[in-house]
Amino acid sequence: MSRYFGPGANLGAPLRRHGGGRPASVLDVMGQAVTGRRSAPRPPVRPCSLTLPGVAGFVGGVCVLLGVAQAVSPFVLKSPGAWFFGVGAASGSKNGTFLGMVLVYAGVAVMVGSWFEIVRTLRRHPGAPLGPVTAIAVAWALPVLVMPPLFSRDVYSYVAQGEMITRGFNPYAHGPDVLGSGRIVSLVDPLWRHTRAPYGPAWERLSSGILSLARHDVLAALVGFRAVALVGVVLIGWGVRSLARSTGRDEAVAFALAVLNPLVLLVLLGGAHNDALMLGLLVAGCALARRGHVVIGLAFCALAGQVKIPALVGVVLIGWWWSDAASSWPKRIPRLAIALLTAAGLTALFSALSGLGWRWLDGLSDPGVVVSWLDPATAVGLALSHLVGGLGGGDHQAAFVEGSRAAGLAAAALISVVLIARSDRAGQLQALGWSLVVFVVLGPVIWPWYETWGFVVLAVIAEGWTLRILLAFSAIACFADVPPARFFGTSSPVLAVVCWACLLGAVLAYVSVRLIPSFPRRSVAPERSSTLRTGAG
């Protein structure tokens, strides 16, 4: 049986590497054949080149932590018992709220800018060791782990659903309101208190296990869900590194793009979203399958689909690329069918072991209760309903929105099939990453953390316009949570002037450093050594 992503794949591992992570080119090989030497490796990245942005990103994370710790903050829940600190105050000073807003936005901006600088430095020095980048990721994650659930209250829904199962309620038949009045239900966003769970049974059983281990204590359960999100981020880092190595890409660049991404750290990890675990299992499954462990890879992807069903796209990709890239359709279809049947069998097994049945499939559309013009598929339905209503056809908004969303999902499925079928030309990870992006864009609702689905995969092979899109949209999504205007007010004009002046000064300093060329330095020819240095492996 041929290995998954076999030697015929266009993203197969190169035969020889130069400068640590750079694939050998034709000119490199010809130069070695003629001169008997390797091409001179590019200069290694200096530690100080990563230290400054690394420290700056950590300071940015601390600023976000201080900002959300204020008595009033629109970015976290301030109800009593929602977190260990910074909650329970009935009101806070207007100046403190304004200062907290500035600290959060300044911290996010510093983290984004530091991320850009690290990626830029690593791309200019290919083959950099992964150790310093991993240390930076750990440092940036530390303040995030201390923060209250950030930018979202979804984790409180996880707590409520886990509590429901421990009490004998099926989260696919009832909403958290079935628990009655109490602290757990009060923390859930009112939008989701009457909504059934849209997640897979494996996730729901994990949620109930966390509540049991926490002995039904909300704060202990929140720590458990944050730990699960951390495990997901660690799996993302391992999977991205493995995929980068197997495709001949720079491991440090891929790791920095995926894990140091402030959208991943602040939104996925900070919000303790189960998307982190889904993505970690998906990326790790693809990496294992690429190493030849196809069945284990399918199991990981099927388990990821038990968290959120879009992860099953990975099963289709593994089944399609089970054979070599040169295999014909008649040879690929049986392997694809075996992969799909294997995933279906594992899904059925997980559903049976959970004891929750198959009713979870009925709740997959529940996140779509949010109707917004920002979602392309929903916007089409809203526009059509307004047009028909204006022509005297009556109010049929719900029908039009539901129909447009169904058409959007069908279009996303069709586009994904085309991408995977043409992945021998466009690239396997390109097909997987853009398929996930398409499902997000054409899905029933778009949340900032959904954007990480495709970006984490594309980080492995991001080049050119793909890299620009990843950087730009990740940065924009970090600022997607815009609070009401009243949070920007302050009774102290001096405080406002000082804060905005500091922010403007920091931006101008950054632009000056980036745009003003440094003074030319006098180059000194290095002494020749009798021993020829070769690129690090």
# chains A, B, ... in the order shown; residues from 1 in each chain; ligands from 1
>>> select_by_dssp(residues="range 93-194 of chain A", states="helix (DSSP H, G or I)", output="MDAnalysis selection string")
chainID A and resid 94:124 130:146 154:166 176:179 183:187 190:192
>>> residues_around(residues="Thr51 in chain A", least_positions_apart="5", cutoff="10 Å", atoms="only C-alpha atoms", output="list in words")
Arg46, Ala56, Gly57, Ile118, Pro132, Val133 and Ile136 of chain A
>>> write_last_selection(atoms="all heavy atoms", output="short mmCIF file (atom, residue, chain, number, x, y, z; two decimals), in the first residue's frame")
data_model
loop_
_atom_site.label_atom_id
_atom_site.label_comp_id
_atom_site.auth_asym_id
_atom_site.auth_seq_id
_atom_site.Cartn_x
_atom_site.Cartn_y
_atom_site.Cartn_z
N ARG A 46 19.69 36.10 14.05
CA ARG A 46 20.31 36.46 15.31
C ARG A 46 19.29 36.40 16.44
O ARG A 46 18.13 36.76 16.26
CB ARG A 46 20.89 37.87 15.22
CG ARG A 46 22.02 38.01 14.22
CD ARG A 46 22.45 39.46 14.12
NE ARG A 46 21.36 40.30 13.64
CZ ARG A 46 21.43 41.63 13.55
NH1 ARG A 46 22.54 42.24 13.94
NH2 ARG A 46 20.41 42.32 13.10
N ALA A 56 8.07 42.33 23.20
CA ALA A 56 6.99 43.27 22.92
C ALA A 56 5.64 42.56 22.88
O ALA A 56 4.64 43.07 23.41
CB ALA A 56 7.25 43.98 21.59
N GLY A 57 5.58 41.38 22.26
CA GLY A 57 4.33 40.64 22.23
C GLY A 57 3.87 40.21 23.61
O GLY A 57 2.67 40.24 23.92
N ILE A 118 8.11 38.94 13.69
CA ILE A 118 8.71 37.62 13.85
C ILE A 118 8.60 36.83 12.55
O ILE A 118 9.56 36.18 12.11
CB ILE A 118 8.04 36.87 15.02
CG1 ILE A 118 8.42 37.54 16.34
CG2 ILE A 118 8.44 35.40 15.03
CD1 ILE A 118 7.69 36.97 17.54
N PRO A 132 13.60 28.97 19.93
CA PRO A 132 13.23 30.34 20.33
C PRO A 132 11.79 30.70 20.00
O PRO A 132 11.13 31.40 20.77
CB PRO A 132 14.21 31.21 19.53
CG PRO A 132 15.37 30.32 19.25
CD PRO A 132 14.79 28.95 19.06
N VAL A 133 11.28 30.22 18.88
CA VAL A 133 9.89 30.51 18.51
C VAL A 133 8.93 29.83 19.48
O VAL A 133 7.91 30.41 19.88
CB VAL A 133 9.62 30.07 17.06
CG1 VAL A 133 8.23 30.50 16.61
CG2 VAL A 133 10.67 30.63 16.10
N ILE A 136 8.84 31.82 22.66
CA ILE A 136 8.01 33.01 22.51
C ILE A 136 6.53 32.64 22.61
O ILE A 136 5.73 33.35 23.24
CB ILE A 136 8.31 33.70 21.17
CG1 ILE A 136 9.73 34.29 21.19
CG2 ILE A 136 7.29 34.79 20.87
CD1 ILE A 136 10.17 34.86 19.86
#
>>> residues_around(residues="range 376-381 of chain A", least_positions_apart="4", cutoff="8 Å", atoms="only C-alpha atoms", output="MDAnalysis selection string")
chainID A and resid 371:372 385 397 400:405 407:408 441:445
>>> write_last_selection(atoms="all heavy atoms", output="CSV table (one decimal), in the first residue's frame")
chain,number,residue,atom,x,y,z
A,371,VAL,N,-28.9,36.2,12.9
A,371,VAL,CA,-29.1,36.7,11.5
A,371,VAL,C,-28.4,38.0,11.3
A,371,VAL,O,-28.8,39.0,12.0
A,371,VAL,CB,-30.6,36.8,11.2
A,371,VAL,CG1,-30.9,37.3,9.8
A,371,VAL,CG2,-31.3,35.5,11.4
A,372,SER,N,-27.4,38.0,10.5
A,372,SER,CA,-26.6,39.2,10.3
A,372,SER,C,-26.3,39.5,8.8
A,372,SER,O,-26.1,38.5,8.1
A,372,SER,CB,-25.3,39.1,11.1
A,372,SER,OG,-24.4,40.1,10.8
A,385,SER,N,-35.5,38.8,0.7
A,385,SER,CA,-36.8,39.0,1.4
A,385,SER,C,-37.2,40.4,1.4
A,385,SER,O,-38.4,40.7,1.3
A,385,SER,CB,-36.6,38.5,2.9
A,385,SER,OG,-35.6,39.3,3.6
A,397,GLN,N,-39.0,36.4,5.5
A,397,GLN,CA,-37.5,36.5,5.7
A,397,GLN,C,-37.0,35.2,6.2
A,397,GLN,O,-35.9,34.8,5.7
A,397,GLN,CB,-37.3,37.6,6.8
A,397,GLN,CG,-35.8,37.7,7.3
A,397,GLN,CD,-35.6,38.8,8.3
A,397,GLN,OE1,-36.0,39.9,8.0
A,397,GLN,NE2,-34.9,38.4,9.4
A,400,PHE,N,-36.5,32.8,3.2
A,400,PHE,CA,-35.4,33.2,2.3
A,400,PHE,C,-34.1,33.0,2.9
A,400,PHE,O,-33.1,32.6,2.3
A,400,PHE,CB,-35.6,34.7,1.9
A,400,PHE,CG,-36.6,34.9,0.8
A,400,PHE,CD1,-37.8,35.4,1.0
A,400,PHE,CD2,-36.2,34.5,-0.5
A,400,PHE,CE1,-38.7,35.6,-0.1
A,400,PHE,CE2,-37.1,34.7,-1.6
A,400,PHE,CZ,-38.4,35.2,-1.3
A,401,VAL,N,-33.9,33.3,4.2
A,401,VAL,CA,-32.6,33.2,4.9
A,401,VAL,C,-32.3,31.7,5.0
A,401,VAL,O,-31.1,31.3,4.7
A,401,VAL,CB,-32.7,33.8,6.3
A,401,VAL,CG1,-31.5,33.4,7.1
A,401,VAL,CG2,-32.8,35.3,6.2
A,402,GLU,N,-33.2,30.9,5.3
A,402,GLU,CA,-33.0,29.4,5.4
A,402,GLU,C,-32.6,28.9,4.0
A,402,GLU,O,-31.7,28.0,3.9
A,402,GLU,CB,-34.2,28.7,6.0
A,402,GLU,CG,-34.0,27.2,6.2
A,402,GLU,CD,-35.2,26.6,6.8
A,402,GLU,OE1,-36.1,27.3,7.2
A,402,GLU,OE2,-35.2,25.3,6.9
A,403,GLY,N,-33.3,29.3,3.0
A,403,GLY,CA,-33.0,28.8,1.7
A,403,GLY,C,-31.6,29.3,1.2
A,403,GLY,O,-30.8,28.5,0.6
A,404,SER,N,-31.3,30.5,1.4
A,404,SER,CA,-29.9,31.0,1.0
A,404,SER,C,-28.8,30.4,1.8
A,404,SER,O,-27.7,30.1,1.2
A,404,SER,CB,-29.9,32.6,1.2
A,404,SER,OG,-30.0,32.9,2.5
A,405,ARG,N,-29.0,30.1,3.0
A,405,ARG,CA,-28.0,29.4,3.8
A,405,ARG,C,-27.8,27.9,3.3
A,405,ARG,O,-26.7,27.5,3.2
A,405,ARG,CB,-28.4,29.4,5.3
A,405,ARG,CG,-28.2,30.7,5.9
A,405,ARG,CD,-28.7,30.7,7.4
A,405,ARG,NE,-28.2,31.9,8.1
A,405,ARG,CZ,-28.6,32.2,9.3
A,405,ARG,NH1,-29.4,31.4,10.0
A,405,ARG,NH2,-28.2,33.3,9.9
A,407,ALA,N,-28.3,27.0,0.3
A,407,ALA,CA,-27.6,27.1,-1.0
A,407,ALA,C,-26.2,27.4,-0.8
A,407,ALA,O,-25.3,26.9,-1.5
A,407,ALA,CB,-28.3,28.2,-1.9
A,408,GLY,N,-25.9,28.2,0.2
A,408,GLY,CA,-24.5,28.5,0.5
A,408,GLY,C,-23.7,27.3,0.9
A,408,GLY,O,-22.5,27.1,0.5
A,441,VAL,N,-17.0,31.1,5.0
A,441,VAL,CA,-17.6,32.2,4.3
A,441,VAL,C,-19.0,32.0,3.9
A,441,VAL,O,-19.9,32.9,4.0
A,441,VAL,CB,-16.7,32.6,3.1
A,441,VAL,CG1,-17.3,33.7,2.3
A,441,VAL,CG2,-15.3,33.0,3.6
A,442,LEU,N,-19.3,30.8,3.4
A,442,LEU,CA,-20.6,30.5,2.9
A,442,LEU,C,-21.5,29.8,3.9
A,442,LEU,O,-22.6,29.3,3.6
A,442,LEU,CB,-20.5,29.6,1.6
A,442,LEU,CG,-19.8,30.2,0.5
A,442,LEU,CD1,-19.8,29.3,-0.7
A,442,LEU,CD2,-20.5,31.5,0.1
A,443,GLY,N,-21.0,29.7,5.2
A,443,GLY,CA,-21.8,29.1,6.2
A,443,GLY,C,-22.9,30.0,6.7
A,443,GLY,O,-23.0,31.1,6.3
A,444,PRO,N,-23.7,29.5,7.7
A,444,PRO,CA,-24.8,30.3,8.2
A,444,PRO,C,-24.4,31.5,9.0
A,444,PRO,O,-25.2,32.4,9.2
A,444,PRO,CB,-25.6,29.3,9.0
A,444,PRO,CG,-24.7,28.2,9.4
A,444,PRO,CD,-23.7,28.1,8.3
A,445,VAL,N,-23.3,31.4,9.6
A,445,VAL,CA,-22.8,32.6,10.5
A,445,VAL,C,-21.3,32.6,10.5
A,445,VAL,O,-20.7,31.5,10.4
A,445,VAL,CB,-23.4,32.4,11.9
A,445,VAL,CG1,-22.9,31.2,12.6
A,445,VAL,CG2,-23.2,33.7,12.7
>>> atom_distance(atom1="CA of Leu260 in chain A", atom2="CA of Arg245 in chain A")
18.2 Å
>>> closest_residue(among="A:Pro262, A:Gly305, A:Gly60, A:Pro493", to="Gly280 in chain A", atoms="only C-alpha atoms")
A:Gly305
>>> residues_around(residues="Lys78 in chain A", least_positions_apart="3", cutoff="12 Å", atoms="only C-alpha atoms", output="list in words")
Val68, Ala69, Gln70, Ala71, Val72, Ser73, Pro74, Phe75, Gly81, Ala82, Trp83, Phe84, Phe85, Gly86, Val87, Gly88, Ala89, Ala90, Ser91, Gly92, Pro148, Pro149, Leu150, Arg153, Ser186 and Leu187 of chain A
>>> residues_around(residues="Ile469 in chain A", least_positions_apart="5", cutoff="12 Å", atoms="only C-alpha atoms", output="count of residues only")
14
>>> closest_residue(among="A:Leu206, A:Leu257, A:Ala141, A:Ile184", to="Ser157 in chain A", atoms="only C-alpha atoms")
A:Ile184
>>> residues_around(residues="Arg167 in chain A", least_positions_apart="4", cutoff="10 Å", atoms="only C-alpha atoms", output="PDB file with N, CA and C atoms, in the first residue's frame")
ATOM      1  N   GLN A 161     -23.936  22.908  29.340  1.00  0.00           N
ATOM      2  CA  GLN A 161     -24.254  21.657  28.652  1.00  0.00           C
ATOM      3  C   GLN A 161     -23.654  20.461  29.381  1.00  0.00           C
ATOM      4  N   GLY A 162     -22.435  20.615  29.885  1.00  0.00           N
ATOM      5  CA  GLY A 162     -21.848  19.533  30.672  1.00  0.00           C
ATOM      6  C   GLY A 162     -22.634  19.264  31.940  1.00  0.00           C
ATOM      7  N   GLU A 163     -23.110  20.337  32.576  1.00  0.00           N
ATOM      8  CA  GLU A 163     -23.920  20.176  33.778  1.00  0.00           C
ATOM      9  C   GLU A 163     -25.247  19.492  33.456  1.00  0.00           C
ATOM     10  N   LEU A 179     -32.079  23.793  33.218  1.00  0.00           N
ATOM     11  CA  LEU A 179     -31.481  23.714  34.546  1.00  0.00           C
ATOM     12  C   LEU A 179     -32.162  24.636  35.537  1.00  0.00           C
ATOM     13  N   SER A 208     -19.155  16.916  30.108  1.00  0.00           N
ATOM     14  CA  SER A 208     -19.705  16.351  31.343  1.00  0.00           C
ATOM     15  C   SER A 208     -18.596  15.795  32.233  1.00  0.00           C
TER      16      SER A 208
END
>>> closest_residue(among="A:Ala139, A:Ala299, A:Arg332, A:Arg291", to="Thr247 in chain A", atoms="only C-alpha atoms")
A:Arg291
>>> closest_residue(among="A:Arg290, A:Val64, A:His216, A:Ala413", to="Leu312 in chain A", atoms="only C-alpha atoms")
A:Ala413
>>> closest_residue(among="A:Trp115, A:Leu142, A:Phe255, A:Trp320", to="Pro334 in chain A", atoms="only C-alpha atoms")
A:Trp320
>>> atom_distance(atom1="CA of Phe300 in chain A", atom2="CA of Gly285 in chain A")
4.8 Å
>>> residues_around(residues="Val267 in chain A", least_positions_apart="3", cutoff="10 Å", atoms="only C-alpha atoms", output="PyMOL selection string")
chain A and resi 144+149-152+261-264+270-273+276+448-450+452+477-478
